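start.csv (CSV, C-alpha atoms) appears below.
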```
chain,number,residue,atom,x,y,z
A,1017,MET,CA,80.4,117.6,118.2
A,1018,ARG,CA,82.7,117.2,121.1
A,1019,HIS,CA,85.1,114.6,122.4
A,1020,PHE,CA,83.5,112.2,124.9
A,1021,GLY,CA,80.2,113.7,123.9
A,1022,HIS,CA,78.8,110.2,123.6
A,1023,ILE,CA,78.9,109.6,127.3
A,1024,ALA,CA,76.3,110.9,129.8
A,1025,PRO,CA,76.8,114.5,131.1
A,1026,GLY,CA,76.9,113.4,134.7
A,1027,GLU,CA,79.8,111.0,133.8
A,1028,ARG,CA,81.6,113.7,132.0
A,1029,GLN,CA,81.4,116.0,135.1
A,1030,ARG,CA,82.9,113.2,137.2
A,1031,LEU,CA,85.8,112.7,134.8
A,1032,PHE,CA,86.6,116.2,133.8
A,1033,HIS,CA,87.9,119.2,135.7
A,1034,ARG,CA,87.3,121.1,132.4
A,1035,GLU,CA,85.0,119.3,129.9
A,1036,PRO,CA,85.9,119.2,126.2
A,1037,ALA,CA,84.5,122.1,124.2
A,1038,VAL,CA,81.9,121.8,121.5
A,1039,PHE,CA,83.2,122.5,118.0
A,1040,THR,CA,81.7,122.2,114.5
A,1041,ALA,CA,82.9,121.6,110.9
A,1042,ASP,CA,82.9,125.4,110.6
A,1043,SER,CA,85.2,126.0,113.6
A,1044,PRO,CA,88.6,127.8,112.9
A,1045,ALA,CA,91.2,125.6,111.3
A,1046,PRO,CA,93.5,125.5,114.4
A,1047,VAL,CA,90.7,124.1,116.5
A,1048,LEU,CA,89.8,121.5,114.0
A,1049,ALA,CA,93.5,120.5,113.6
A,1050,ALA,CA,93.8,120.0,117.3
A,1051,ALA,CA,90.5,118.2,117.5
A,1052,LEU,CA,91.0,115.5,114.8
A,1053,GLY,CA,92.0,112.9,117.4
A,1054,ALA,CA,91.8,109.3,116.1
A,1055,THR,CA,91.0,109.7,112.4
A,1056,LEU,CA,89.2,106.5,111.4
A,1057,TYR,CA,89.7,105.3,107.9
A,1058,SER,CA,87.1,103.3,106.0
A,1059,PRO,CA,87.0,101.9,102.5
A,1060,ALA,CA,84.7,103.9,100.2
A,1061,THR,CA,83.3,100.6,98.9
A,1062,ARG,CA,81.4,99.7,102.0
A,1063,PRO,CA,77.7,99.3,101.0
A,1064,HIS,CA,76.3,100.7,104.2
A,1065,LEU,CA,78.8,103.5,104.6
A,1066,ALA,CA,76.3,106.1,105.7
A,1067,ASP,CA,75.2,103.7,108.5
A,1068,ASP,CA,78.8,103.2,109.5
A,1069,VAL,CA,79.5,106.9,109.7
A,1070,LEU,CA,76.4,107.4,112.0
A,1071,LYS,CA,77.4,104.4,114.1
A,1072,GLN,CA,81.0,105.6,114.6
A,1073,ALA,CA,79.8,109.2,115.4
A,1074,GLY,CA,77.6,107.7,118.1
A,1075,ARG,CA,80.7,105.9,119.5
A,1076,GLY,CA,82.9,109.0,119.9
A,1077,VAL,CA,84.6,109.3,116.5
A,1078,VAL,CA,85.0,112.9,115.4
A,1079,SER,CA,86.9,112.5,112.1
A,1080,MET,CA,86.7,109.9,109.4
A,1081,VAL,CA,88.4,109.4,106.0
A,1082,LEU,CA,86.5,107.6,103.3
A,1083,CYS,CA,89.2,106.0,101.2
A,1084,LEU,CA,89.4,105.7,97.4
A,1085,GLU,CA,93.1,104.8,97.4
A,1086,ASP,CA,95.1,101.9,98.9
A,1087,SER,CA,92.3,100.3,100.9
A,1088,ILE,CA,90.4,99.4,97.7
A,1089,ASP,CA,91.2,97.5,94.5
A,1090,ASP,CA,92.1,99.5,91.4
A,1091,ALA,CA,89.2,97.9,89.6
A,1092,ASP,CA,86.7,99.2,92.2
A,1093,VAL,CA,87.5,102.9,92.0
A,1094,VAL,CA,84.5,103.8,89.7
A,1095,ASP,CA,82.0,101.9,91.8
A,1096,ALA,CA,83.5,103.3,95.0
A,1097,GLU,CA,83.1,106.9,93.7
A,1098,GLU,CA,79.5,106.2,92.9
A,1099,ASN,CA,78.9,104.7,96.3
A,1100,LEU,CA,80.5,107.7,98.0
A,1101,VAL,CA,78.1,110.1,96.2
A,1102,ARG,CA,75.1,107.9,97.0
A,1103,GLN,CA,76.1,107.6,100.7
A,1104,PHE,CA,76.8,111.4,101.1
A,1105,THR,CA,73.4,112.1,99.5
A,1106,ARG,CA,71.7,109.8,102.0
A,1107,LEU,CA,73.5,111.5,104.9
A,1108,ALA,CA,72.5,114.9,103.7
A,1109,ALA,CA,68.9,113.8,103.7
A,1110,LEU,CA,69.0,113.2,107.5
A,1111,PRO,CA,68.3,116.6,109.2
A,1112,GLY,CA,70.0,117.1,112.5
A,1113,ALA,CA,72.2,114.0,112.2
A,1114,GLU,CA,75.4,114.4,114.2
A,1115,LEU,CA,78.3,113.6,111.9
A,1116,PRO,CA,82.1,113.5,112.3
A,1117,LEU,CA,84.4,115.6,110.1
A,1118,LEU,CA,84.4,113.7,106.8
A,1119,PHE,CA,87.3,113.6,104.4
A,1120,ILE,CA,87.8,111.7,101.1
A,1121,ARG,CA,91.1,110.2,100.3
A,1122,VAL,CA,91.6,110.5,96.5
A,1123,ARG,CA,94.2,109.0,94.2
A,1124,VAL,CA,94.7,111.8,91.7
A,1125,PRO,CA,94.0,115.5,91.6
A,1126,ALA,CA,91.3,115.2,88.9
A,1127,GLN,CA,89.0,113.3,91.4
A,1128,ILE,CA,88.7,116.4,93.6
A,1129,PRO,CA,86.7,118.7,91.3
A,1130,ASP,CA,84.8,115.8,89.8
A,1131,LEU,CA,83.6,114.4,93.2
A,1132,VAL,CA,82.7,117.9,94.5
A,1133,ALA,CA,80.6,118.5,91.4
A,1134,ARG,CA,78.9,115.1,91.7
A,1135,LEU,CA,78.2,115.6,95.4
A,1136,GLY,CA,76.1,118.7,94.7
A,1137,PRO,CA,74.4,120.1,97.8
A,1138,ALA,CA,75.7,117.2,99.9
A,1139,VAL,CA,79.2,118.7,99.6
A,1140,ARG,CA,78.3,120.7,102.7
A,1141,LEU,CA,79.0,117.5,104.7
A,1142,LEU,CA,82.6,117.3,103.3
A,1143,SER,CA,85.5,118.8,105.3
A,1144,GLY,CA,88.1,118.1,102.7
A,1145,PHE,CA,90.4,115.7,101.0
A,1146,VAL,CA,93.4,113.5,102.0
A,1147,LEU,CA,96.1,113.7,99.4
A,1148,PRO,CA,98.3,110.6,99.1
A,1149,LYS,CA,102.1,110.5,98.2
A,1150,PHE,CA,102.4,114.2,98.6
A,1151,ASN,CA,105.5,115.9,97.3
A,1152,GLU,CA,106.1,119.3,95.7
A,1153,GLU,CA,105.2,118.2,92.2
A,1154,ARG,CA,102.1,116.3,93.0
A,1155,GLY,CA,101.2,118.6,95.8
A,1156,VAL,CA,100.9,121.7,93.6
A,1157,LEU,CA,98.5,119.8,91.3
A,1158,PHE,CA,96.4,118.6,94.3
A,1159,MET,CA,96.2,122.0,95.9
A,1160,GLU,CA,95.3,123.7,92.7
A,1161,ALA,CA,92.5,121.1,92.2
A,1162,LEU,CA,91.3,121.6,95.7
A,1163,THR,CA,91.3,125.4,95.4
A,1164,ALA,CA,89.3,125.2,92.1
A,1165,ALA,CA,86.8,122.9,93.7
A,1166,GLU,CA,86.4,125.1,96.7
A,1167,THR,CA,85.8,128.1,94.5
A,1168,ALA,CA,83.3,126.3,92.3
A,1169,SER,CA,81.3,124.9,95.2
A,1170,GLY,CA,81.5,127.9,97.5
A,1171,HIS,CA,82.3,125.5,100.4
A,1172,ARG,CA,85.4,125.5,102.5
A,1173,LEU,CA,87.6,122.5,101.9
A,1174,PHE,CA,90.7,121.5,103.7
A,1175,ALA,CA,93.7,119.3,102.6
A,1176,MET,CA,95.4,116.7,104.7
A,1177,PRO,CA,98.6,115.7,102.7
A,1178,VAL,CA,100.0,112.3,103.4
A,1179,LEU,CA,103.8,112.2,103.6
A,1180,GLU,CA,104.8,108.8,102.3
A,1181,SER,CA,106.9,109.1,99.1
A,1182,PRO,CA,110.2,107.3,98.7
A,1183,ASP,CA,112.0,110.7,98.0
A,1184,LEU,CA,111.1,111.6,101.6
A,1185,LEU,CA,112.5,108.4,102.9
A,1186,TYR,CA,115.8,108.2,101.0
A,1187,LEU,CA,118.6,110.1,102.6
A,1188,GLU,CA,120.0,111.6,99.4
A,1189,THR,CA,116.6,113.2,98.5
A,1190,ARG,CA,115.1,113.8,101.9
A,1191,ARG,CA,116.3,117.4,102.5
A,1192,GLU,CA,115.0,118.7,99.1
A,1193,ALA,CA,111.8,116.7,99.4
A,1194,LEU,CA,111.0,118.3,102.8
A,1195,ASN,CA,111.9,121.8,101.5
A,1196,GLY,CA,109.6,121.2,98.5
A,1197,ILE,CA,106.8,120.0,100.7
A,1198,PHE,CA,107.2,123.0,102.9
A,1199,ARG,CA,107.1,125.4,100.0
A,1200,THR,CA,103.9,123.9,98.8
A,1201,VAL,CA,102.0,123.7,102.1
A,1202,ASP,CA,103.2,127.1,103.1
A,1203,LYS,CA,101.8,128.6,99.9
A,1204,TRP,CA,98.4,127.1,100.7
A,1205,ARG,CA,98.7,127.4,104.5
A,1206,ASP,CA,95.1,128.4,105.1
A,1207,ARG,CA,93.8,125.2,103.4
A,1208,VAL,CA,96.2,122.7,105.0
A,1209,LEU,CA,94.6,121.3,108.1
A,1210,ALA,CA,97.2,118.7,109.1
A,1211,LEU,CA,100.0,116.6,107.7
A,1212,ARG,CA,99.7,112.8,108.0
A,1213,LEU,CA,102.5,110.2,108.0
A,1214,GLY,CA,102.5,107.1,105.8
A,1215,VAL,CA,104.7,104.9,107.9
A,1216,THR,CA,103.4,101.7,106.2
A,1217,ASP,CA,104.8,103.0,102.9
A,1218,PHE,CA,108.1,103.9,104.5
A,1219,CYS,CA,108.5,100.4,105.9
A,1220,SER,CA,107.4,98.9,102.5
A,1221,ALA,CA,110.4,100.6,100.8
A,1222,TYR,CA,112.7,98.4,102.8
A,1223,GLY,CA,110.5,95.3,103.1
A,1224,LEU,CA,109.9,95.9,106.8
A,1225,ARG,CA,106.9,95.5,109.0
A,1226,ARG,CA,106.9,96.3,112.7
A,1227,ALA,CA,105.8,93.6,115.1
A,1228,PRO,CA,102.9,94.3,117.6
A,1229,ASP,CA,105.3,94.8,120.4
A,1230,MET,CA,107.3,97.5,118.5
A,1231,THR,CA,106.4,101.1,117.8
A,1232,ALA,CA,107.3,103.1,114.8
A,1233,TYR,CA,110.0,104.7,116.9
A,1234,ASP,CA,111.7,101.3,117.3
A,1235,VAL,CA,112.2,101.1,113.6
A,1236,GLN,CA,115.1,103.5,113.3
A,1237,ILE,CA,114.8,104.3,109.6
A,1238,VAL,CA,111.2,105.3,110.2
A,1239,ALA,CA,112.0,107.2,113.4
A,1240,SER,CA,114.6,109.3,111.5
A,1241,VAL,CA,112.0,110.4,108.9
A,1242,ILE,CA,109.5,111.3,111.6
A,1243,ALA,CA,112.1,113.4,113.4
A,1244,ASP,CA,113.0,115.2,110.2
A,1245,VAL,CA,109.4,115.8,109.3
A,1246,VAL,CA,108.8,117.4,112.7
A,1247,ASN,CA,112.0,119.3,112.4
A,1248,VAL,CA,111.0,121.0,109.2
A,1249,LEU,CA,107.2,121.0,109.2
A,1250,GLY,CA,106.2,120.8,112.9
A,1251,ARG,CA,108.0,123.8,114.5
A,1252,ALA,CA,106.3,125.8,117.2
A,1253,ASP,CA,107.5,129.2,115.9
A,1254,GLY,CA,104.4,129.8,113.8
A,1255,THR,CA,105.8,128.2,110.6
A,1256,GLY,CA,104.8,124.7,111.6
A,1257,PHE,CA,101.7,122.5,111.0
A,1258,THR,CA,99.9,119.8,113.0
A,1259,VAL,CA,101.5,116.5,112.2
A,1260,THR,CA,99.5,113.4,113.1
A,1261,GLY,CA,100.7,110.0,114.3
A,1262,PRO,CA,101.1,107.0,112.1
A,1263,VAL,CA,98.7,104.1,111.8
A,1264,TRP,CA,98.7,101.2,114.2
A,1265,GLU,CA,98.2,98.0,112.2
A,1266,TYR,CA,97.2,95.5,114.9
A,1267,PHE,CA,93.8,94.9,116.5
A,1268,ARG,CA,91.6,92.4,118.3
A,1269,ALA,CA,88.0,92.7,119.3
A,1270,GLN,CA,89.0,94.8,122.3
A,1271,GLU,CA,85.6,96.3,122.7
A,1272,ARG,CA,84.2,92.8,123.2
A,1273,MET,CA,86.9,92.2,125.7
A,1274,PHE,CA,85.9,95.3,127.7
A,1275,LYS,CA,82.2,94.6,127.9
A,1276,PRO,CA,82.2,91.9,130.7
A,1277,GLN,CA,84.1,94.3,133.0
A,1278,LEU,CA,82.1,97.3,132.0
A,1279,ARG,CA,78.8,95.6,132.9
A,1280,ARG,CA,80.0,96.1,136.5
A,1281,SER,CA,81.4,99.4,137.8
A,1282,PRO,CA,84.9,99.7,136.5
A,1283,PHE,CA,85.8,101.7,139.6
A,1284,LEU,CA,85.2,99.1,142.3
A,1285,GLU,CA,88.2,98.1,144.3
A,1286,GLY,CA,90.8,96.3,142.1
A,1287,GLN,CA,88.9,96.5,138.8
A,1288,VAL,CA,90.9,99.5,137.4
A,1289,GLU,CA,94.1,97.5,137.8
A,1290,GLU,CA,92.4,94.4,136.3
A,1291,LEU,CA,91.4,96.5,133.2
A,1292,ARG,CA,94.9,97.9,133.0
A,1293,GLU,CA,96.3,94.3,132.9
A,1294,GLU,CA,93.8,93.3,130.2
A,1295,LEU,CA,94.9,96.2,128.0
A,1296,ILE,CA,98.5,95.0,128.1
A,1297,GLU,CA,97.5,91.3,127.7
A,1298,HIS,CA,95.4,92.0,124.6
A,1299,ASP,CA,98.2,93.5,122.4
A,1300,MET,CA,97.3,97.1,123.3
A,1301,ASP,CA,100.6,97.8,125.1
A,1302,GLY,CA,102.3,98.6,121.8
A,1303,LEU,CA,99.6,101.0,120.7
A,1304,LEU,CA,99.6,102.8,124.0
A,1305,ARG,CA,103.4,103.2,124.0
A,1306,GLU,CA,103.3,104.5,120.4
A,1307,ILE,CA,100.6,107.1,121.3
A,1308,ALA,CA,102.7,108.3,124.2
A,1309,LEU,CA,105.8,108.5,121.9
A,1310,ASP,CA,103.7,110.3,119.2
A,1311,ARG,CA,103.1,113.0,121.8
A,1312,ALA,CA,106.7,113.1,123.0
A,1313,ASN,CA,107.9,113.6,119.5
A,1314,GLY,CA,105.5,116.4,118.6
A,1315,LEU,CA,102.7,114.6,116.9
A,1316,LEU,CA,99.0,115.1,117.7
A,1317,GLY,CA,96.1,112.8,116.7
A,1318,LYS,CA,96.6,109.4,114.9
A,1319,THR,CA,95.5,107.5,111.8
A,1320,CYS,CA,93.3,104.6,112.8
A,1321,ILE,CA,92.1,101.6,110.8
A,1322,HIS,CA,90.0,99.9,113.5
A,1323,PRO,CA,87.3,101.4,115.8
A,1324,SER,CA,89.0,99.8,118.9
A,1325,HIS,CA,91.9,102.2,118.5
A,1326,VAL,CA,89.8,105.3,118.8
A,1327,MET,CA,89.2,105.5,122.5
A,1328,PRO,CA,92.8,104.8,123.5
A,1329,VAL,CA,93.9,107.7,121.3
A,1330,HIS,CA,91.3,110.0,122.8
A,1331,ALA,CA,91.8,108.9,126.4
A,1332,LEU,CA,95.6,109.6,126.1
A,1333,SER,CA,94.9,113.0,124.5
A,1334,VAL,CA,93.0,114.3,127.5
A,1335,VAL,CA,95.2,116.8,129.4
A,1336,SER,CA,96.0,115.7,132.9
A,1337,HIS,CA,95.2,118.1,135.8
A,1338,GLU,CA,98.9,118.4,136.5
A,1339,GLU,CA,99.7,119.4,132.9
A,1340,TYR,CA,96.9,121.9,132.9
A,1341,SER,CA,98.1,123.4,136.2
A,1342,ASP,CA,101.7,123.8,134.9
A,1343,ALA,CA,100.5,125.3,131.6
A,1344,GLN,CA,98.3,127.8,133.3
A,1345,ASP,CA,101.1,128.8,135.7
A,1346,ILE,CA,103.6,129.3,132.8
A,1347,LEU,CA,101.2,131.5,130.8
A,1348,ARG,CA,100.0,133.8,133.6
A,1349,PRO,CA,100.3,137.4,132.4
A,1350,GLU,CA,102.7,138.3,135.2
A,1351,ARG,CA,105.1,135.7,134.0
A,1352,LEU,CA,105.7,137.3,130.5
A,1353,GLY,CA,109.2,138.4,131.6
A,1354,GLY,CA,110.3,134.8,132.2
A,1355,GLY,CA,111.7,133.2,135.3
A,1356,VAL,CA,111.6,129.8,136.9
A,1357,LEU,CA,108.9,128.6,139.4
A,1358,ARG,CA,108.1,125.5,141.3
A,1359,SER,CA,105.1,123.6,139.9
A,1360,ALA,CA,101.9,123.5,142.0
A,1361,TYR,CA,102.5,119.8,142.3
A,1362,THR,CA,105.9,120.5,143.8
A,1363,ASN,CA,107.6,117.9,141.6
A,1364,LYS,CA,109.3,120.0,138.9
A,1365,MET,CA,110.5,123.4,137.9
A,1366,ASN,CA,108.7,125.3,135.2
A,1367,GLU,CA,110.9,127.6,133.1
A,1368,VAL,CA,108.5,130.2,131.7
A,1369,LYS,CA,110.3,131.1,128.4
A,1370,PRO,CA,111.5,127.6,127.3
A,1371,HIS,CA,108.2,126.0,128.3
A,1372,ARG,CA,105.8,128.6,126.8
A,1373,ALA,CA,105.3,126.9,123.4
A,1374,TRP,CA,104.6,123.6,125.3
A,1375,ALA,CA,102.1,125.4,127.5
A,1376,GLU,CA,100.3,127.0,124.6
A,1377,ARG,CA,99.9,123.7,122.8
A,1378,THR,CA,98.8,122.0,126.0
A,1379,LEU,CA,96.0,124.6,126.5
A,1380,GLN,CA,94.9,124.2,122.9
A,1381,ARG,CA,94.6,120.4,123.5
A,1382,ALA,CA,92.8,121.1,126.8
A,1383,GLU,CA,90.2,123.1,124.8
A,1384,VAL,CA,89.2,120.2,122.6
A,1385,PHE,CA,90.0,117.1,124.7
A,1386,GLY,CA,89.3,118.5,128.2
A,1387,VAL,CA,91.2,118.4,131.4
A,1388,ALA,CA,90.9,115.3,133.7
A,1389,ASN,CA,90.0,115.6,137.4
A,1390,GLU,CA,92.9,115.1,139.7
A,1391,ASP,CA,92.0,111.5,140.6
A,1392,ILE,CA,91.2,110.5,137.0
A,1393,GLY,CA,93.7,108.7,134.8
A,1394,PHE,CA,93.8,107.0,131.4
A,1395,VAL,CA,92.1,103.8,132.4
A,1396,GLU,CA,89.1,105.6,133.9
A,1397,LEU,CA,88.7,107.7,130.7
A,1398,LEU,CA,89.0,104.7,128.5
A,1399,ALA,CA,86.6,102.6,130.5
A,1400,ALA,CA,84.0,105.5,130.4
A,1401,GLY,CA,84.4,106.0,126.7
A,1402,VAL,CA,84.2,102.4,125.4
A,1403,PRO,CA,80.6,101.8,124.1
A,1404,ARG,CA,78.6,99.6,126.5
```
Would you give me this structure, written as structure tokens?
Amino acid sequence: MRHFGHIAPGERQRLFHREPAVFTADSPAPVLAAALGATLYSPATRPHLADDVLKQAGRGVVSMVLCLEDSIDDADVVDAEENLVRQFTRLAALPGAELPLLFIRVRVPAQIPDLVARLGPAVRLLSGFVLPKFNEERGVLFMEALTAAETASGHRLFAMPVLESPDLLYLETRREALNGIFRTVDKWRDRVLALRLGVTDFCSAYGLRRAPDMTAYDVQIVASVIADVVNVLGRADGTGFTVTGPVWEYFRAQERMFKPQLRRSPFLEGQVEELREELIEHDMDGLLREIALDRANGLLGKTCIHPSHVMPVHALSVVSHEEYSDAQDILRPERLGGGVLRSAYTNKMNEVKPHRAWAERTLQRAEVFGVANEDIGFVELLAAGVPR
């Protein structure tokens, strides 16, 4: 699989200075963590789940979570588990099918070994489990269950803990909660692919819900938690983990909105600006601002609950030609001793030592999301990626 792999090769060549690399479910963990992109959640109760997975893979989705937790009714869990096993078995019977990375969001640790056993040979399609309300106590039980299931199946399984518990939110317990989470994920570091933020649960604890013109960073109590999570768990010194952006709750049928314009060339004079205005007009301005703020605050990737959110996340994850140029300059072997140099775009100073970690992360993102050509921006990438 590859990002923007659903668009024609000639179009990719036009868009990219360096095209996104191909990766597989067997790629190294750091590659997969960087490549998650927009992780699309879907209730495990959907009767045509296998068809949904194939459809979304064909539209550019590279990671999906099939949810047994908050997205379904408590009374539907048993049926949802049976449906998951049935749908995975169906997908496993399709030789050569191009599938995204697939994860199951469970409720309790005991579901992990049980589902792995019930999946049988189809477990090869499973990349891992999303672990809700993760703290030290629950986390140890989850990770022990995952390790046991991995050993029993002989198949590599990753964990994506969700940080959403009240003890992480409340000031008096936050420090110890973060330290406990770090102790747990550090112990099982090789199995933890990324940490996910449950901002909806954080808001729920105070009866809050952000409006469509507000980002998570405008809700100060939530922003403070994100900052502390990155502070403890997202460091660039080798001790940190990939932390993904929170879910965006609002959507319209944006894909339908795009189609009238995309029947014509989106690059005719004036049409790029028209599309930009439509993005803002149709409630996407908040999403776009939040994605930009995710990146500025050290987050990579995003939880998504609607397909229309996928391509904006991916388009804004592509490394610009200017970023790539700066990162390459900073990491040149002859620059190891440090120093300051003017950027190739002559609009900033690059300090080699302070900017090294940023440059390394930028090149990692460039590997999986690609580098745009000099004259290509977000709107062109989005227009090319939206299904016609």
Hey, can you check how far atom CA of A:Leu1397 sits from atom CA of A:Ala1024? 12.8 Å
Skipping near chain neighbours, those fewer than 4 positions away, what residues fall within 10 Å of A:His1322 using all atoms listed in the file, listed as a short mmCIF file (atom, residue, chain, number, x, y, z; two decimals) with C-alpha atoms, in the frame of the given file?
```
data_model
loop_
_atom_site.label_atom_id
_atom_site.label_comp_id
_atom_site.auth_asym_id
_atom_site.auth_seq_id
_atom_site.Cartn_x
_atom_site.Cartn_y
_atom_site.Cartn_z
CA ALA A 1054 91.80 109.30 116.10
CA THR A 1055 91.00 109.70 112.40
CA LEU A 1056 89.20 106.50 111.40
CA TYR A 1057 89.70 105.30 107.90
CA SER A 1058 87.10 103.30 106.00
CA VAL A 1263 98.70 104.10 111.80
CA TRP A 1264 98.70 101.20 114.20
CA GLU A 1265 98.20 98.00 112.20
CA TYR A 1266 97.20 95.50 114.90
CA PHE A 1267 93.80 94.90 116.50
CA ARG A 1268 91.60 92.40 118.30
CA ALA A 1269 88.00 92.70 119.30
CA VAL A 1326 89.80 105.30 118.80
#
```
Can you list every residue of stretch 1298-1338 of chain A that has an atom at most 12 Å from stretch 1205-1229 of chain A, with its nearest atom pair and the distance in Å to one decimal, using all atoms listed in the file, ordered by chain then number, as CSV?
```
residue,atom,partner,partner_atom,distance
A:His1298,CA,A:Pro1228,CA,10.5
A:Asp1299,CA,A:Pro1228,CA,6.8
A:Met1300,CA,A:Pro1228,CA,8.5
A:Asp1301,CA,A:Asp1229,CA,7.3
A:Gly1302,CA,A:Asp1229,CA,5.0
A:Leu1303,CA,A:Pro1228,CA,8.1
A:Leu1304,CA,A:Asp1229,CA,10.5
A:Arg1305,CA,A:Asp1229,CA,9.3
A:Glu1306,CA,A:Asp1229,CA,9.9
A:Asp1310,CA,A:Leu1213,CA,11.3
A:Leu1315,CA,A:Arg1212,CA,9.6
A:Leu1316,CA,A:Ala1210,CA,9.5
A:Gly1317,CA,A:Arg1212,CA,9.4
A:Lys1318,CA,A:Arg1212,CA,8.3
A:Thr1319,CA,A:Arg1212,CA,7.8
A:Cys1320,CA,A:Arg1212,CA,11.5
```
Extract, using only C-alpha atoms, all DNA, RNA and protein residues at most 12 Å from A:His1371, discarding same-chain residues fewer than 2 positions from it, and format them as a ChimeraX atom specification. /A:1252,1339,1342-1347,1351-1352,1354-1357,1365-1369,1373-1378
With all atoms listed in the file as the counted atoms, please give the residues lying no more than 12 Å from A:Ala1050, apart from itself and same-chain residues fewer than 5 positions off, as a ChimeraX atom specification. /A:1019,1036-1037,1039,1043-1045,1055,1078-1079,1209-1211,1257-1260,1315-1318,1330,1333-1334,1377-1386
Can you list, as a ChimeraX atom specification, every protein, DNA or RNA residue that comes within 12 Å of A:Arg1075 when you count all atoms listed in the file, leaving out same-chain residues fewer than 2 positions away? /A:1017-1023,1056,1068-1073,1077-1079,1114-1116,1271,1323-1327,1330,1400-1404
Mind dumping the selected residues with C-alpha atoms as an mmCIF file, in the coordinates of the input?
```
data_model
loop_
_atom_site.group_PDB
_atom_site.id
_atom_site.type_symbol
_atom_site.label_atom_id
_atom_site.label_comp_id
_atom_site.auth_asym_id
_atom_site.auth_seq_id
_atom_site.Cartn_x
_atom_site.Cartn_y
_atom_site.Cartn_z
ATOM 1 C CA MET A 1017 80.400 117.600 118.200
ATOM 2 C CA ARG A 1018 82.700 117.200 121.100
ATOM 3 C CA HIS A 1019 85.100 114.600 122.400
ATOM 4 C CA PHE A 1020 83.500 112.200 124.900
ATOM 5 C CA GLY A 1021 80.200 113.700 123.900
ATOM 6 C CA HIS A 1022 78.800 110.200 123.600
ATOM 7 C CA ILE A 1023 78.900 109.600 127.300
ATOM 8 C CA LEU A 1056 89.200 106.500 111.400
ATOM 9 C CA ASP A 1068 78.800 103.200 109.500
ATOM 10 C CA VAL A 1069 79.500 106.900 109.700
ATOM 11 C CA LEU A 1070 76.400 107.400 112.000
ATOM 12 C CA LYS A 1071 77.400 104.400 114.100
ATOM 13 C CA GLN A 1072 81.000 105.600 114.600
ATOM 14 C CA ALA A 1073 79.800 109.200 115.400
ATOM 15 C CA VAL A 1077 84.600 109.300 116.500
ATOM 16 C CA VAL A 1078 85.000 112.900 115.400
ATOM 17 C CA SER A 1079 86.900 112.500 112.100
ATOM 18 C CA GLU A 1114 75.400 114.400 114.200
ATOM 19 C CA LEU A 1115 78.300 113.600 111.900
ATOM 20 C CA PRO A 1116 82.100 113.500 112.300
ATOM 21 C CA GLU A 1271 85.600 96.300 122.700
ATOM 22 C CA PRO A 1323 87.300 101.400 115.800
ATOM 23 C CA SER A 1324 89.000 99.800 118.900
ATOM 24 C CA HIS A 1325 91.900 102.200 118.500
ATOM 25 C CA VAL A 1326 89.800 105.300 118.800
ATOM 26 C CA MET A 1327 89.200 105.500 122.500
ATOM 27 C CA HIS A 1330 91.300 110.000 122.800
ATOM 28 C CA ALA A 1400 84.000 105.500 130.400
ATOM 29 C CA GLY A 1401 84.400 106.000 126.700
ATOM 30 C CA VAL A 1402 84.200 102.400 125.400
ATOM 31 C CA PRO A 1403 80.600 101.800 124.100
ATOM 32 C CA ARG A 1404 78.600 99.600 126.500
#
```
d(atom CA of A:Gly1256, atom CA of A:Val1124) in Å: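 Separating atom CA of A:Gly1256 from atom CA of A:Val1124 is a distance of 25.8 Å.
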Of the candidates A:Leu1052, A:Ala1108, A:Ile1088, A:Ala1193, which shows the shortest atom-to-atom distance to A:Gly1261, using all atoms listed in the file?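 Closest candidate: A:Leu1052.
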Nearby residues (only C-alpha atoms) at most 10 Å from stretch 1144-1158 of chain A, same-chain spacing under 6 positions excluded, as a PyMOL selection string: chain A and resi 1081-1086+1117-1128+1132+1164+1166+1171-1184+1192-1201+1203-1204+1207-1214+1217
Report, in Å with one decimal, the straight-line distance from atom CA of A:Pro1025 to atom CA of A:Ala1041. 22.3 Å
